[in-house]
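Enquirer: Sharing input.cif here; it has mmCIF, C-alpha atoms.
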data_work
#
loop_
_atom_site.label_atom_id
_atom_site.label_comp_id
_atom_site.auth_asym_id
_atom_site.auth_seq_id
_atom_site.Cartn_x
_atom_site.Cartn_y
_atom_site.Cartn_z
CA MET A 5 41.78 38.37 55.49
CA VAL A 6 41.14 41.22 53.11
CA ALA A 7 38.57 43.73 54.32
CA THR A 8 35.23 43.08 52.66
CA ALA A 9 33.60 45.99 50.94
CA THR A 10 30.23 46.68 52.46
CA GLY A 11 28.58 48.62 49.62
CA PRO A 12 26.20 46.80 47.32
CA LEU A 13 27.21 44.08 44.91
CA VAL A 14 25.36 44.48 41.64
CA ILE A 15 25.07 41.70 39.07
CA VAL A 16 23.89 42.40 35.52
CA GLY A 17 22.20 39.27 34.17
CA ALA A 18 20.06 36.48 35.58
CA GLY A 19 21.28 33.37 33.82
CA LEU A 20 23.16 30.41 35.18
CA ALA A 21 26.35 32.45 35.67
CA ALA A 22 24.63 35.24 37.63
CA TYR A 23 22.54 32.99 39.84
CA THR A 24 25.27 30.45 40.52
CA LEU A 25 27.60 33.27 41.56
CA ALA A 26 24.93 34.87 43.75
CA ARG A 27 24.15 31.58 45.50
CA GLU A 28 27.81 30.74 46.09
CA TRP A 29 28.59 34.24 47.33
CA ARG A 30 25.60 34.26 49.70
CA LYS A 31 27.05 31.18 51.40
CA LEU A 32 30.06 33.32 52.32
CA ASP A 33 28.41 36.71 52.77
CA ALA A 34 24.82 36.79 53.97
CA GLU A 35 24.72 40.51 54.73
CA THR A 36 26.10 42.73 51.97
CA PRO A 37 23.25 44.11 49.84
CA LEU A 38 22.84 42.41 46.46
CA THR A 39 20.99 43.81 43.45
CA ILE A 40 20.43 41.83 40.25
CA VAL A 41 19.36 43.65 37.08
CA THR A 42 17.95 41.61 34.21
CA ALA A 43 16.21 42.28 30.92
CA ASP A 44 14.14 39.10 31.30
CA ASP A 45 11.63 37.98 33.94
CA GLY A 46 14.23 36.79 36.45
CA ALA A 47 12.86 33.26 36.80
CA ALA A 48 15.64 30.76 37.49
CA TYR A 49 16.13 28.03 34.92
CA SER A 50 19.05 26.09 33.56
CA LYS A 51 19.88 26.84 29.94
CA PRO A 52 21.44 23.42 29.26
CA MET A 53 18.04 21.89 29.97
CA LEU A 54 16.38 23.78 27.09
CA SER A 55 17.93 21.63 24.36
CA ASN A 56 16.54 18.42 25.87
CA ALA A 57 13.10 19.66 26.81
CA PHE A 58 10.95 18.93 23.74
CA SER A 59 11.52 15.18 23.89
CA LYS A 60 10.64 15.21 27.59
CA GLY A 61 7.44 17.11 26.85
CA GLN A 62 8.55 20.01 29.03
CA SER A 63 7.11 23.47 28.45
CA ALA A 64 8.77 26.83 29.07
CA GLN A 65 6.74 26.95 32.27
CA ASP A 66 7.96 23.52 33.41
CA LEU A 67 11.56 24.71 33.03
CA ILE A 68 11.20 27.35 35.74
CA GLN A 69 13.09 26.15 38.81
CA GLN A 70 12.38 29.19 40.97
CA THR A 71 10.06 32.12 40.44
CA PRO A 72 11.60 35.61 40.63
CA GLU A 73 10.05 36.03 44.08
CA GLU A 74 11.66 32.80 45.30
CA VAL A 75 15.00 33.86 43.82
CA ALA A 76 14.87 37.23 45.60
CA GLU A 77 14.02 35.61 48.89
CA ARG A 78 16.57 32.79 48.74
CA LEU A 79 19.37 35.12 47.65
CA ASN A 80 18.31 37.96 49.91
CA ALA A 81 18.52 40.11 46.80
CA LYS A 82 16.71 42.94 45.14
CA LEU A 83 15.68 41.82 41.66
CA ILE A 84 15.12 44.46 38.99
CA THR A 85 13.47 42.60 36.12
CA HIS A 86 12.39 43.52 32.56
CA THR A 87 14.97 46.29 32.71
CA GLU A 88 17.87 47.04 30.40
CA VAL A 89 21.11 48.60 31.51
CA THR A 90 21.71 51.42 29.05
CA HIS A 91 25.01 52.74 30.32
CA LEU A 92 27.70 51.76 32.74
CA ASP A 93 29.50 54.75 34.22
CA LEU A 94 32.81 53.74 35.72
CA PRO A 95 33.94 57.00 37.42
CA THR A 96 30.71 57.33 39.41
CA GLN A 97 30.15 53.55 39.78
CA THR A 98 26.62 53.92 38.47
CA LEU A 99 24.37 51.86 36.22
CA HIS A 100 21.85 53.75 34.13
CA LEU A 101 18.68 51.84 33.33
CA ASN A 102 16.03 52.20 30.62
CA LYS A 103 13.52 52.81 33.40
CA GLY A 104 13.76 53.89 37.01
CA ALA A 105 16.57 55.66 38.85
CA PRO A 106 20.25 54.86 38.24
CA ILE A 107 21.79 52.47 40.76
CA GLY A 108 25.21 52.59 42.35
CA TRP A 109 27.53 49.71 43.00
CA GLN A 110 30.51 48.98 45.20
CA ARG A 111 31.42 45.97 43.07
CA LEU A 112 29.85 45.08 39.74
CA VAL A 113 29.65 41.71 37.97
CA LEU A 114 28.75 41.58 34.29
CA ALA A 115 27.06 38.27 33.50
CA THR A 116 25.39 39.44 30.33
CA GLY A 117 25.74 36.18 28.44
CA ALA A 118 25.81 35.90 24.68
CA THR A 119 23.60 36.71 21.71
CA PRO A 120 22.78 34.40 18.79
CA LEU A 121 24.55 35.36 15.57
CA LYS A 122 22.23 36.46 12.81
CA ALA A 123 22.52 34.60 9.53
CA PRO A 124 22.82 36.73 6.38
CA VAL A 125 19.50 35.58 4.94
CA GLU A 126 17.17 37.39 2.52
CA GLY A 127 13.48 36.97 1.73
CA ASN A 128 10.11 38.13 3.03
CA ALA A 129 10.12 35.84 6.07
CA VAL A 130 13.53 36.58 7.55
CA ASP A 131 11.78 37.60 10.76
CA GLN A 132 10.56 34.01 11.13
CA VAL A 133 14.09 32.69 11.57
CA MET A 134 14.22 31.91 15.29
CA SER A 135 17.01 31.21 17.78
CA ILE A 136 16.89 29.72 21.26
CA ASN A 137 19.31 31.13 23.81
CA SER A 138 17.00 31.76 26.75
CA ARG A 139 13.83 30.43 28.31
CA GLN A 140 11.92 33.30 26.68
CA ASP A 141 13.26 32.27 23.27
CA PHE A 142 12.27 28.70 24.06
CA SER A 143 8.77 29.86 24.94
CA ARG A 144 8.39 31.72 21.62
CA PHE A 145 9.64 28.70 19.68
CA GLU A 146 7.36 26.39 21.62
CA GLN A 147 4.34 28.57 20.73
CA ALA A 148 5.35 28.69 17.06
CA LEU A 149 5.78 24.91 17.03
CA LYS A 150 2.16 24.22 17.96
CA GLY A 151 0.42 22.32 15.18
CA LYS A 152 3.58 22.19 13.08
CA LYS A 153 5.55 19.15 11.96
CA ARG A 154 8.65 20.29 10.11
CA VAL A 155 11.67 22.14 11.50
CA LEU A 156 14.71 23.22 9.52
CA ILE A 157 17.81 23.88 11.64
CA MET A 158 20.62 26.10 10.41
CA GLY A 159 23.98 25.02 11.79
CA ALA A 160 25.52 21.68 12.75
CA GLY A 161 27.40 22.75 15.85
CA LEU A 162 26.67 21.76 19.42
CA ILE A 163 23.35 23.58 19.75
CA GLY A 164 22.14 22.66 16.25
CA CYS A 165 22.88 18.97 16.82
CA GLU A 166 21.30 18.92 20.29
CA TYR A 167 18.07 20.49 19.04
CA ALA A 168 18.06 18.23 15.96
CA ASN A 169 18.24 15.21 18.25
CA ASP A 170 15.68 16.55 20.69
CA LEU A 171 13.10 17.67 18.12
CA ALA A 172 13.44 14.43 16.12
CA ALA A 173 12.98 12.42 19.33
CA ALA A 174 9.88 14.51 20.05
CA GLY A 175 8.41 13.42 16.71
CA TYR A 176 9.17 16.38 14.45
CA GLN A 177 10.56 16.07 10.92
CA VAL A 178 13.94 17.69 11.24
CA GLU A 179 16.42 18.73 8.61
CA VAL A 180 19.74 20.43 9.14
CA VAL A 181 21.46 22.80 6.72
CA ALA A 182 25.08 23.68 7.44
CA PRO A 183 28.06 24.81 5.39
CA SER A 184 30.48 22.45 7.13
CA GLU A 185 31.25 19.04 5.67
CA SER A 186 30.94 17.29 9.02
CA LEU A 187 29.05 17.78 12.26
CA LEU A 188 30.56 19.61 15.22
CA ARG A 189 33.54 20.59 13.13
CA GLY A 190 36.13 22.23 15.30
CA LEU A 191 35.13 20.05 18.22
CA LEU A 192 35.19 16.55 16.71
CA PRO A 193 37.37 14.65 14.24
CA ALA A 194 35.38 14.07 11.02
CA GLN A 195 34.95 10.35 11.70
CA LEU A 196 33.07 11.02 14.95
CA GLY A 197 31.07 13.74 13.24
CA GLN A 198 30.09 11.10 10.69
CA ALA A 199 29.10 8.66 13.47
CA LEU A 200 26.87 11.33 15.00
CA LYS A 201 25.35 12.07 11.59
CA THR A 202 24.60 8.39 10.98
CA GLU A 203 22.90 8.03 14.37
CA LEU A 204 20.87 11.22 13.91
CA GLU A 205 19.81 10.01 10.45
CA ARG A 206 18.65 6.79 12.08
CA ILE A 207 16.14 8.78 14.15
CA GLY A 208 14.96 10.63 11.05
CA VAL A 209 17.11 13.79 10.79
CA ARG A 210 18.05 14.76 7.22
CA PHE A 211 21.24 16.68 6.49
CA TRP A 212 22.16 19.10 3.73
CA LEU A 213 25.85 19.75 4.35
CA GLY A 214 27.81 22.20 2.23
CA PRO A 215 25.24 24.88 1.39
CA MET A 216 23.80 27.62 3.59
CA VAL A 217 20.32 29.08 3.69
CA SER A 218 20.14 32.12 1.40
CA ARG A 219 16.42 33.02 1.32
CA VAL A 220 13.33 32.40 3.41
CA ASP A 221 9.92 33.28 1.96
CA LEU A 222 6.45 32.72 3.29
CA GLU A 223 4.17 30.81 0.92
CA ALA A 224 0.43 31.37 0.62
CA SER A 225 -0.03 27.93 2.24
CA GLY A 226 1.70 29.18 5.40
CA ALA A 227 4.77 27.03 4.74
CA LEU A 228 8.23 28.52 4.52
CA GLN A 229 10.11 28.18 1.26
CA VAL A 230 13.83 27.96 1.92
CA ALA A 231 16.43 28.53 -0.79
CA LEU A 232 19.94 27.18 -0.25
CA THR A 233 23.13 28.65 -1.70
CA ASN A 234 23.55 25.59 -3.97
CA GLY A 235 20.21 26.27 -5.66
CA GLN A 236 18.34 23.60 -3.73
CA GLN A 237 14.85 24.43 -2.39
CA ARG A 238 13.34 23.09 0.83
CA GLN A 239 9.95 23.57 2.44
CA THR A 240 9.48 23.73 6.17
CA ASP A 241 7.21 25.08 8.90
CA LEU A 242 9.78 26.58 11.26
CA ILE A 243 13.40 27.63 11.05
CA LEU A 244 15.76 27.46 13.98
CA SER A 245 19.07 29.23 13.53
CA ALA A 246 21.91 27.76 15.59
CA ILE A 247 24.91 29.15 13.76
CA GLY A 248 26.70 30.42 16.82
CA LEU A 249 26.76 32.92 19.66
CA LYS A 250 28.69 36.09 20.26
CA PRO A 251 29.46 37.36 23.78
CA SER A 252 27.34 40.35 24.83
CA ILE A 253 30.02 42.97 25.36
CA LYS A 254 28.32 46.19 24.22
CA LEU A 255 27.88 47.61 27.73
CA ALA A 256 31.49 46.94 28.65
CA ARG A 257 32.87 48.25 25.38
CA GLU A 258 30.89 51.48 25.57
CA ALA A 259 32.06 51.97 29.15
CA GLY A 260 35.63 51.80 27.91
CA LEU A 261 36.53 48.42 29.39
CA ALA A 262 38.93 46.22 27.43
CA VAL A 263 37.10 43.78 25.18
CA GLN A 264 38.18 41.31 22.53
CA SER A 265 35.80 38.52 21.61
CA GLY A 266 34.54 38.77 25.20
CA ILE A 267 35.03 41.16 28.11
CA CYS A 268 38.71 40.81 28.97
CA VAL A 269 39.25 39.62 32.53
CA ASP A 270 42.19 38.16 34.41
CA ARG A 271 42.22 34.91 36.36
CA ARG A 272 40.37 36.66 39.15
CA LEU A 273 37.61 37.50 36.67
CA GLN A 274 38.50 41.16 37.12
CA SER A 275 38.18 43.48 34.14
CA ALA A 276 40.40 46.40 33.19
CA SER A 277 38.64 48.28 35.99
CA ASP A 278 39.04 47.00 39.53
CA ARG A 279 35.63 46.48 41.12
CA VAL A 280 34.18 45.35 37.78
CA TYR A 281 34.17 41.63 37.03
CA ALA A 282 32.80 39.50 34.20
CA LEU A 283 31.60 35.90 34.34
CA GLY A 284 30.14 33.30 32.02
CA ASP A 285 29.54 33.48 28.26
CA CYS A 286 30.38 37.23 28.10
CA ALA A 287 33.81 36.84 29.70
CA GLU A 288 37.14 36.21 28.06
CA VAL A 289 39.39 34.87 30.78
CA ASP A 290 43.06 35.26 29.98
CA GLY A 291 42.18 35.03 26.28
CA LEU A 292 39.73 32.13 26.61
CA ASN A 293 36.01 32.53 25.97
CA LEU A 294 34.50 29.15 26.82
CA MET A 295 30.74 29.07 26.46
CA TYR A 296 30.21 25.83 28.37
CA VAL A 297 28.64 25.06 31.71
CA MET A 298 31.55 23.49 33.52
CA PRO A 299 33.96 26.45 33.14
CA LEU A 300 31.14 28.74 34.25
CA MET A 301 30.36 26.75 37.42
CA ASN A 302 34.02 26.60 38.31
CA ALA A 303 34.53 30.33 37.69
CA ALA A 304 31.40 31.28 39.67
CA ARG A 305 32.74 29.50 42.75
CA ALA A 306 36.14 31.19 42.46
CA LEU A 307 34.62 34.65 41.97
CA ALA A 308 32.26 34.13 44.92
CA ARG A 309 35.30 33.66 47.16
CA THR A 310 37.07 36.69 45.72
CA LEU A 311 34.00 38.85 46.27
CA ALA A 312 33.70 37.55 49.82
CA GLY A 313 37.18 38.81 50.63
CA GLN A 314 39.19 35.67 49.81
CA PRO A 315 41.01 36.59 46.57
CA THR A 316 41.00 33.40 44.53
CA ASP A 317 42.69 32.77 41.21
CA LEU A 318 40.83 30.65 38.74
CA HIS A 319 42.30 27.19 38.25
CA TRP A 320 40.65 25.61 35.30
CA PRO A 321 41.30 21.91 35.09
CA ALA A 322 40.72 20.00 31.86
CA MET A 323 36.97 20.33 31.45
CA PRO A 324 35.27 18.01 28.99
CA VAL A 325 32.33 19.14 26.88
CA THR A 326 29.35 16.81 27.03
CA VAL A 327 27.17 16.94 23.93
CA LYS A 328 23.59 16.01 24.78
CA THR A 329 22.74 13.97 21.72
CA PRO A 330 21.25 10.79 23.21
CA ALA A 331 21.21 9.18 19.74
CA CYS A 332 25.01 9.26 19.94
CA PRO A 333 26.34 10.53 23.29
CA LEU A 334 29.60 12.45 23.02
CA VAL A 335 32.24 13.68 25.43
CA VAL A 336 34.98 15.85 24.01
CA TYR A 337 38.07 17.63 25.21
CA PRO A 338 39.39 19.51 22.18
CA PRO A 339 43.19 19.70 21.91
CA ARG A 340 44.61 23.19 22.34
CA ARG A 341 47.49 22.62 19.95
CA GLU A 342 48.21 20.53 16.88
CA GLY A 343 48.54 16.80 17.28
CA ASP A 344 47.71 13.52 15.56
CA TRP A 345 44.38 11.82 16.07
CA GLN A 346 44.16 8.08 16.51
CA ILE A 347 40.70 6.62 16.33
CA GLU A 348 39.58 3.17 17.36
CA GLY A 349 36.28 1.37 17.75
CA SER A 350 33.45 0.82 15.33
CA GLY A 351 30.05 2.16 14.41
CA ALA A 352 28.87 4.79 16.84
CA ASN A 353 31.25 3.63 19.57
CA LEU A 354 34.50 5.42 18.93
CA ALA A 355 37.44 6.64 20.99
CA ALA A 356 39.59 9.30 19.37
CA VAL A 357 42.72 10.49 21.12
CA CYS A 358 44.91 13.35 20.00
CA ARG A 359 48.61 13.08 20.80
CA SER A 360 51.82 14.92 20.15
CA GLY A 361 54.65 12.45 20.79
CA GLU A 362 53.89 10.96 24.21
CA ASP A 363 51.63 13.82 25.30
CA VAL A 364 47.89 13.34 25.21
CA LEU A 365 46.40 16.68 24.10
CA GLY A 366 42.71 15.93 23.76
CA PHE A 367 40.09 13.31 23.16
CA ALA A 368 36.65 12.70 21.71
CA LEU A 369 34.52 9.72 22.76
CA SER A 370 31.21 8.54 21.37
CA GLY A 371 28.57 5.93 22.17
CA ASP A 372 29.55 3.47 24.88
CA ARG A 373 33.17 4.66 24.76
CA ILE A 374 32.20 7.78 26.75
CA LYS A 375 32.82 5.64 29.84
CA GLU A 376 36.54 6.09 29.22
CA ARG A 377 36.22 9.81 29.89
CA ASN A 378 37.97 9.79 33.26
CA ASN A 379 40.99 7.82 32.03
CA TRP A 380 41.65 10.40 29.34
CA LEU A 381 40.82 13.38 31.53
CA LYS A 382 43.67 12.36 33.82
CA ALA A 383 46.03 12.28 30.86
CA VAL A 384 45.34 15.71 29.34
CA PRO A 385 46.88 18.98 30.57
CA PRO A 386 44.77 21.44 32.63
CA LEU A 387 43.60 24.63 30.95
CA PHE A 388 45.04 26.90 33.65
CA SER A 389 47.44 25.26 36.02
CA GLN A 390 48.00 26.35 39.59
CA MET B 1 17.55 1.82 44.11
CA ARG B 2 16.73 5.33 42.93
CA LYS B 3 17.89 7.80 40.29
CA TRP B 4 18.83 11.41 40.84
CA GLN B 5 18.96 14.10 38.21
CA CYS B 6 21.24 17.13 38.16
CA ILE B 7 19.01 20.17 37.83
CA VAL B 8 21.70 22.12 35.99
CA CYS B 9 22.42 19.77 33.09
CA GLY B 10 20.13 16.77 33.37
CA PHE B 11 22.85 14.24 34.20
CA ILE B 12 21.33 11.19 35.90
CA TYR B 13 22.98 9.36 38.76
CA ASP B 14 21.59 5.84 38.97
CA GLU B 15 22.24 4.29 42.38
CA ALA B 16 22.03 0.79 40.88
CA GLU B 17 24.82 1.54 38.41
CA GLY B 18 26.94 3.87 40.53
CA LEU B 19 29.87 5.46 38.71
CA PRO B 20 32.54 2.74 38.76
CA GLU B 21 34.84 4.85 36.57
CA GLU B 22 34.87 7.45 39.36
CA GLY B 23 35.29 4.87 42.09
CA ILE B 24 31.62 4.90 43.11
CA GLU B 25 30.54 1.27 43.23
CA PRO B 26 27.24 0.04 41.77
CA GLY B 27 24.56 0.13 44.45
CA THR B 28 25.94 3.25 46.19
CA PRO B 29 22.97 5.23 47.56
CA TRP B 30 22.94 8.98 46.92
CA ASP B 31 23.68 9.89 50.52
CA LYS B 32 26.88 7.81 50.37
CA VAL B 33 28.20 9.65 47.31
CA PRO B 34 31.07 11.84 48.59
CA ALA B 35 30.11 15.40 49.53
CA ASP B 36 32.83 16.83 47.27
CA TRP B 37 31.60 14.89 44.26
CA GLU B 38 30.83 17.03 41.21
CA CYS B 39 28.48 16.33 38.35
CA PRO B 40 30.71 14.83 35.65
CA ASP B 41 28.84 16.64 32.89
CA CYS B 42 28.57 20.18 34.24
CA GLY B 43 30.58 20.52 37.45
CA ALA B 44 27.59 21.22 39.71
CA THR B 45 28.40 20.13 43.25
CA LYS B 46 26.37 17.68 45.26
CA ASP B 47 25.40 19.97 48.11
CA ASP B 48 24.87 22.99 45.89
CA PHE B 49 22.34 21.40 43.63
CA GLU B 50 19.23 19.60 44.52
CA MET B 51 18.96 16.34 42.72
CA ILE B 52 15.47 15.46 41.57
CA GLU B 53 14.41 12.04 42.73
CA LEU B 54 13.18 10.12 39.70
CA GLY B 55 11.91 7.19 41.73
#
What does the file become when written as structure tokens?
Expert:
Amino acid sequence: MVATATGPLVIVGAGLAAYTLAREWRKLDAETPLTIVTADDGAAYSKPMLSNAFSKGQSAQDLIQQTPEEVAERLNAKLITHTEVTHLDLPTQTLHLNKGAPIGWQRLVLATGATPLKAPVEGNAVDQVMSINSRQDFSRFEQALKGKKRVLIMGAGLIGCEYANDLAAAGYQVEVVAPSESLLRGLLPAQLGQALKTELERIGVRFWLGPMVSRVDLEASGALQVALTNGQQRQTDLILSAIGLKPSIKLAREAGLAVQSGICVDRRLQSASDRVYALGDCAEVDGLNLMYVMPLMNAARALARTLAGQPTDLHWPAMPVTVKTPACPLVVYPPRREGDWQIEGSGANLAAVCRSGEDVLGFALSGDRIKERNNWLKAVPPLFSQ
Amino acid sequence: MRKWQCIVCGFIYDEAEGLPEEGIEPGTPWDKVPADWECPDCGATKDDFEMIELG
């Protein structure tokens, strides 16, 4: 048993990564002081639930699972909300905040998440291009949506497709503009992307694939005029940008910690500085930055043990990505090296398997074929083996 | 027979259907699902996450 440090554990962030870690760690260590610093209100919610909420009629308020007061009590934690960390000073183990006194840490976990990429768009209504990557964002979008009918989504990746499905199912007129030729490119073989497109079109989603949005201007009528790079014009009420996320690494970079696309950590989630860890969307673990829930849950449990004095290496098994598009359910495990795809099935019910020789490298299943998930999961290699 | 929803990702476990592909037979009540079972969609564990009873 390694001696447990008794000074405070400080977590920056209050998303799924931060709160899952805190809950898991509290099961192992009920005593050590815990402080959580967050720029938002500190209410606990689950981000994956945001992209399914409109069709269920859920509001930003409904999505709160615990109030900040309940979180603080259940985690036996001090919550510092609506507060930005401005500087992370490694030599003195101090966090400087945009208000209030600096706070010291014995061990620090960065769970700062990710930030939506900004599209290079011109026009007088650029500020009306919205993104949803938090419950606060969801709340703003929900307010803007009141009394409106039409939504234009930029991007045909996982988030773009999930919101397209959800908003169409909630009765909105949805169109998607994306430069890629097929949906979820990079995650799905084109044939499955086509199956998803067909099923989303069936529930009313229109697609403009190939061009990007170049201008957004507000019309006198209150509608948004959207110009595409191919010269096409569209009119809409709201624009949701879902073109991607970048890990929030500014704090770590400015502190001098190693960063690449994310904050570089080893399989113990430890950064270039011992006593500083990173978890979730902001972390790049051994070169991998996976912004999905399953890797995050798994990593939170491993880090909780490490922080409780049981050093634990991360073992990432093969973790499938579930795409929440009820019009065409999808489960995907993207191959990590080149192979040949074989696709069988028909319509929206497809099973695609990627092989190299005898080795199964990845798979993508749609419709009722998602039931085969476990068979293929057993066949693919783990991400990080023991 | 009841349904339980994962509060992390929204996955629904339907007792009537079970999860035969994971060896959980149709008709398996929630309290008979193994304690080390994890949500197939997000990896949340059974005892870590409350499941919302849908009725």
Enquirer: Determine the residue membership of the PyMOL selection byres ((chain A) within 6 of (chain B)) for the file above and supply it as a PyMOL selection string.
Expert: chain A and resi 50+52-53+297-298+326
Enquirer: Evaluate the PyMOL selection byres ((chain A and resi 270) around 9) on the structure here and hand back the selected residues as number ranges by chain.
Expert: A: 268-269, 271-276, 288-291, 317-318
Enquirer: Would you export the selected residues with C-alpha atoms as an mmCIF file, in the frame of the given file, please?
Expert:
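Generated output (out.cif):
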data_model
loop_
_atom_site.group_PDB
_atom_site.id
_atom_site.type_symbol
_atom_site.label_atom_id
_atom_site.label_comp_id
_atom_site.auth_asym_id
_atom_site.auth_seq_id
_atom_site.Cartn_x
_atom_site.Cartn_y
_atom_site.Cartn_z
ATOM 1 C CA CYS A 268 38.710 40.810 28.970
ATOM 2 C CA VAL A 269 39.250 39.620 32.530
ATOM 3 C CA ARG A 271 42.220 34.910 36.360
ATOM 4 C CA ARG A 272 40.370 36.660 39.150
ATOM 5 C CA LEU A 273 37.610 37.500 36.670
ATOM 6 C CA GLN A 274 38.500 41.160 37.120
ATOM 7 C CA SER A 275 38.180 43.480 34.140
ATOM 8 C CA ALA A 276 40.400 46.400 33.190
ATOM 9 C CA GLU A 288 37.140 36.210 28.060
ATOM 10 C CA VAL A 289 39.390 34.870 30.780
ATOM 11 C CA ASP A 290 43.060 35.260 29.980
ATOM 12 C CA GLY A 291 42.180 35.030 26.280
ATOM 13 C CA ASP A 317 42.690 32.770 41.210
ATOM 14 C CA LEU A 318 40.830 30.650 38.740
#
Enquirer: Please evaluate the PyMOL selection byres ((chain A and resi 303) around 8) against the displayed coordinates and give the resulting residues as a ChimeraX atom specification.
Expert: /A:273,283-284,299-302,304-307,318
Enquirer: What is the distance between CA of Arg154 (chain A) and CA of Ile136 (chain A), in Å to one decimal?
Expert: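 These atoms are spaced 16.8 Å apart.
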Enquirer: For Gly11 (chain A), which of A:Val180, A:Val130, A:Ile107, A:Ile253 is the closest residue, counting only C-alpha atoms?
Expert: A:Ile107
Enquirer: Just the number, please: distance in Å from CA of Ser252 (chain A) to CA of Phe388 (chain A), one decimal.
Expert: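 Spanning CA of Ser252 (chain A) to CA of Phe388 (chain A) is a straight-line distance of 23.9 Å.
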Enquirer: Out of A:Lys382, A:Ser63, A:Glu258, A:Gln69, which residue has the shortest atom-to-atom distance to Ile52 (chain B) when counting all atoms listed in the file?
Expert: A:Gln69
Enquirer: By how many Å are CA of Val336 (chain A) and CA of Leu192 (chain A) apart?
Expert: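 Value for the CA of Val336 (chain A)-CA of Leu192 (chain A) distance: 7.3 Å.
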Enquirer: Which residues are close to Arg189 (chain A), i.e. within 9 Å by only C-alpha atoms, leaving aside same-chain residues fewer than 5 positions away? Reply as a PyMOL selection string.
Expert: chain A and resi 160-161+184+194+197
Enquirer: Skipping near chain neighbours, those fewer than 6 positions away, what residues fall within 7 Å of Tyr13 (chain B) using only C-alpha atoms, listed as a list in words?
Expert: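 Close residues of Tyr13 (chain B): Lys3, Trp4 and Gln5 of chain B.
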Enquirer: I'd like the contact shell of Arg2 (chain B) - 9 Å cut-off, only C-alpha atoms, skipping same-chain residues fewer than 2 positions apart - returned as a PyMOL selection string.
Expert: chain B and resi 4+13-16+29-30+53-55
Enquirer: When you look at Ala322 (chain A) with a cut-off of 7 Å (counting only C-alpha atoms), what residues show up, excluding the ones that are within fewer than 4 positions of it in the same chain? I need them as an NGL selection string.
Expert: :A and (381 or 384-387)
Enquirer: List the spatial neighbours of His86 (chain A) as a ChimeraX atom specification - criterion: any atom at most 7 Å away, only C-alpha atoms, same-chain residues fewer than 4 positions off excluded.
Expert: /A:42-45
